[in-house]
4 protein chains.
Amino acid sequence: MQLVAFAAAFRKDSFNRKLVRLAAAAAERAGASVEVADFHEFAMPLYDGDVEAASGVPAGAQRLRDRIAAADAFMISSPEYNFSMPGTLKNAIDWVSRIPGPPVWRGKPGLLLSASPSLVGGNRALWAVRVPLECLGAHLHPEMFSLAQAHQAFDDAGALRDTKLAERLEKTVATFLRSAKALVGG
Amino acid sequence: MQLVAFAAAFRKDSFNRKLVRLAAAAAERAGASVEVADFHEFAMPLYDGDVEAASGVPAGAQRLRDRIAAADAFMISSPEYNFSMPGTLKNAIDWVSRIPGPPVWRGKPGLLLSASPSLVGGNRALWAVRVPLECLGAHLHPEMFSLAQAHQAFDDAGALRDTKLAERLEKTVATFLRSAKALVGG
Amino acid sequence: MQLVAFAAAFRKDSFNRKLVRLAAAAAERAGASVEVADFHEFAMPLYDGDVEAASGVPAGAQRLRDRIAAADAFMISSPEYNFSMPGTLKNAIDWVSRIPGPPVWRGKPGLLLSASPSLVGGNRALWAVRVPLECLGAHLHPEMFSLAQAHQAFDDAGALRDTKLAERLEKTVATFLRSAKALVGG
Amino acid sequence: MQLVAFAAAFRKDSFNRKLVRLAAAAAERAGASVEVADFHEFAMPLYDGDVEAASGVPAGAQRLRDRIAAADAFMISSPEYNFSMPGTLKNAIDWVSRIPGPPVWRGKPGLLLSASPSLVGGNRALWAVRVPLECLGAHLHPEMFSLAQAHQAFDDAGALRDTKLAERLEKTVATFLRSAKALVGG
């Protein structure tokens, strides 16, 4: 079982980078092999139909597509901006959807996570991002992991201070992996 | 593989009743055993916390819960009202969610369909109903089947006039069943 | 400026009933005249196209329509069930939308509020209910008031314990009324 | 009454550019003064918190903010990508939301339009973009104008071939302007 995981954030100290690392470690403890990608690998311009016509799909979008294609399943940890998904993540999905052939997401199991300094967590971003990914065929795990008050959530070693939350993350990832294995025949 | 299927419509001549029958037949051709339930079995009052406290959950909600619990997977065909899901279907989900114990939807694979006389189909209803069902743990199939112009879509025998659409329904149901079997270990 | 306000909850001790009373009082302090309706006035069966064909729209739906029609603007306080709007409220909107003529909501300014015992408040219900009301033409105020941890929020006199929150409610209602007056020419 | 209008598309031959021009002309016929902005004016990098910390908000985002601030109301015509709003438009909203001070959208009346080659129109994009704009305080007009089959919709002079649709656009814009004037006291 080969996973790719990334945080949909460029910021070096992003809480979502920290969270995706914890999710990756949990997945490895559950027997998966995980590659954590950096969102900078998927740097790309804003979608522009004229640029696409002249130069094709940018390298960052092709790389994201290839990373997803090479994996059995994926995990994305996304911040919430203005009650919805980040424009950056949607822009990446938009460009990747322009690559000819069946959508790379089709049939891929995916787990969505979110870390946010707010009291509410990044839940609204995740519900918004389900729509394009599911319309493109991704099998998104129904349960999602939303970390509220993320600025206080991690200890110096990058672990979750709250052991209840840490156990829930562990369990969410393990349950996701069970479904993912079943779906991809692993 | 045991499925339960129903249309979220009380109307006797509902297009969604016709569509769910076709989906059930397709599922049987693909090797599943399907029980088609009538939405009237799930008749229940509007949710009222005082009624719940005095008399518990109504029989119709309990019946819906038991039908889902007894099945490996489910199919729901729902009309769209006012750009969203029918209040009737949401009310049923709300009452069922009040029954103690883990949500009956948890881990259940589900396929959503919609029939609508409009040009657009009932897609917006289906995206709205994904939210409560997924938050309750259902594994909803990413692809959905939305039948537009449903008043012209069926022939006298109840089949879809458009053979392309009929093939797509057949394929959608078969793909759903493959995922569902994998998920429930069937 | 004549307002109608109601909580989309039948339960006698509903937090949303308490909240709508506070919103009504704030609106009166801001110079409006407010009638608080009881959701029991709008009791009605689940929507059924056959019942509609045989007996027309039920009295409760007609009463809701008349209440909205008679008012310049409206306030609804709604609980959140399963990450979305209550089936009860959507069922009422569905029935009212079957009454012939232009939608009664068209051009009506409305304010949405929510009270919920959860940490998150009932925000997701409100975003879901915006869709049918806006597609029917209501001018929903962009700001909404979502009261979290509602079981601890009220003092014995029914006021909000947290004075900051009480001020925010006062201000939200006053701002809504300013827009509403402008829109309806009051 | 001063409006700013733009299409959320970089492509030179974008259907949304054509549609926004028609909306602008309709608004001028209804007595407003309209500036049509080019989305290229709002070219900006993908949101990156580290870039923001080092260099502040990019010029394109500042220009968008200033354009909105200078206008009494706005019109945006947006394509739909993957059942939701374009990442490009959300990225612009995200950057603009980082500019200190109250959100520039607060209290601004806005009309959303969409042109799409699909049978369904770009309605889903518009419902998705309502969420961030309304959470930031924009008074979005409840009615939206969604142009389906946009590749066949315009004649050589850029007008809508279908006179019924042209009348509906005219009426939608006029109704929006009436509300907008009331809201901003114009």
# chains A, B, ... in the order shown; residues from 1 in each chain; ligands from 1

$ interface_residues --of "chain C" --to "chain A" --cutoff "9 Å" --atoms "only C-alpha atoms" --output "list of chain:residue names"
C:Leu119, C:Val120, C:Gly121, C:Arg124

$ write_last_selection --atoms "C-alpha atoms" --output "PDB file, in the first residue's frame"
ATOM      1  CA  LEU C 119     -18.550  24.018  20.343  1.00  0.00           C
ATOM      2  CA  VAL C 120     -18.957  24.877  16.692  1.00  0.00           C
ATOM      3  CA  GLY C 121     -22.469  26.364  16.683  1.00  0.00           C
ATOM      4  CA  ARG C 124     -23.455  24.513   8.772  1.00  0.00           C
TER       5      ARG C 124
END

$ select_by_dssp --residues "region 21-177 of chain D" --states "alpha helix (DSSP H)" --output "ChimeraX atom specification"
/D:21-29,49-55,59-70,87-96,123-135,163-177

$ residues_around --residues "region 97-108 of chain B" --least-positions-apart "5" --cutoff "9 Å" --atoms "only C-alpha atoms" --output "PyMOL selection string"
(chain A and resi 142+179) or (chain B and resi 52+56-57+61-62+65-66+68-69+71-74+92+133-140+180+183-184) or (chain C and resi 81-82)

$ residues_around --residues "Phe42 (chain D)" --least-positions-apart "2" --cutoff "9 Å" --atoms "only C-alpha atoms" --output "list of chain:residue names"
D:Ala37, D:Asp38, D:Phe39, D:His40, D:Met44, D:Ala59, D:Gly60, D:Ala61, D:Gln62, D:Arg63, D:Leu64, D:Ala92

$ closest_residue --among "B:Ala30, B:Ala43, B:Met85, B:Val4" --to "Val131 (chain C)" --atoms "only C-alpha atoms"
B:Met85
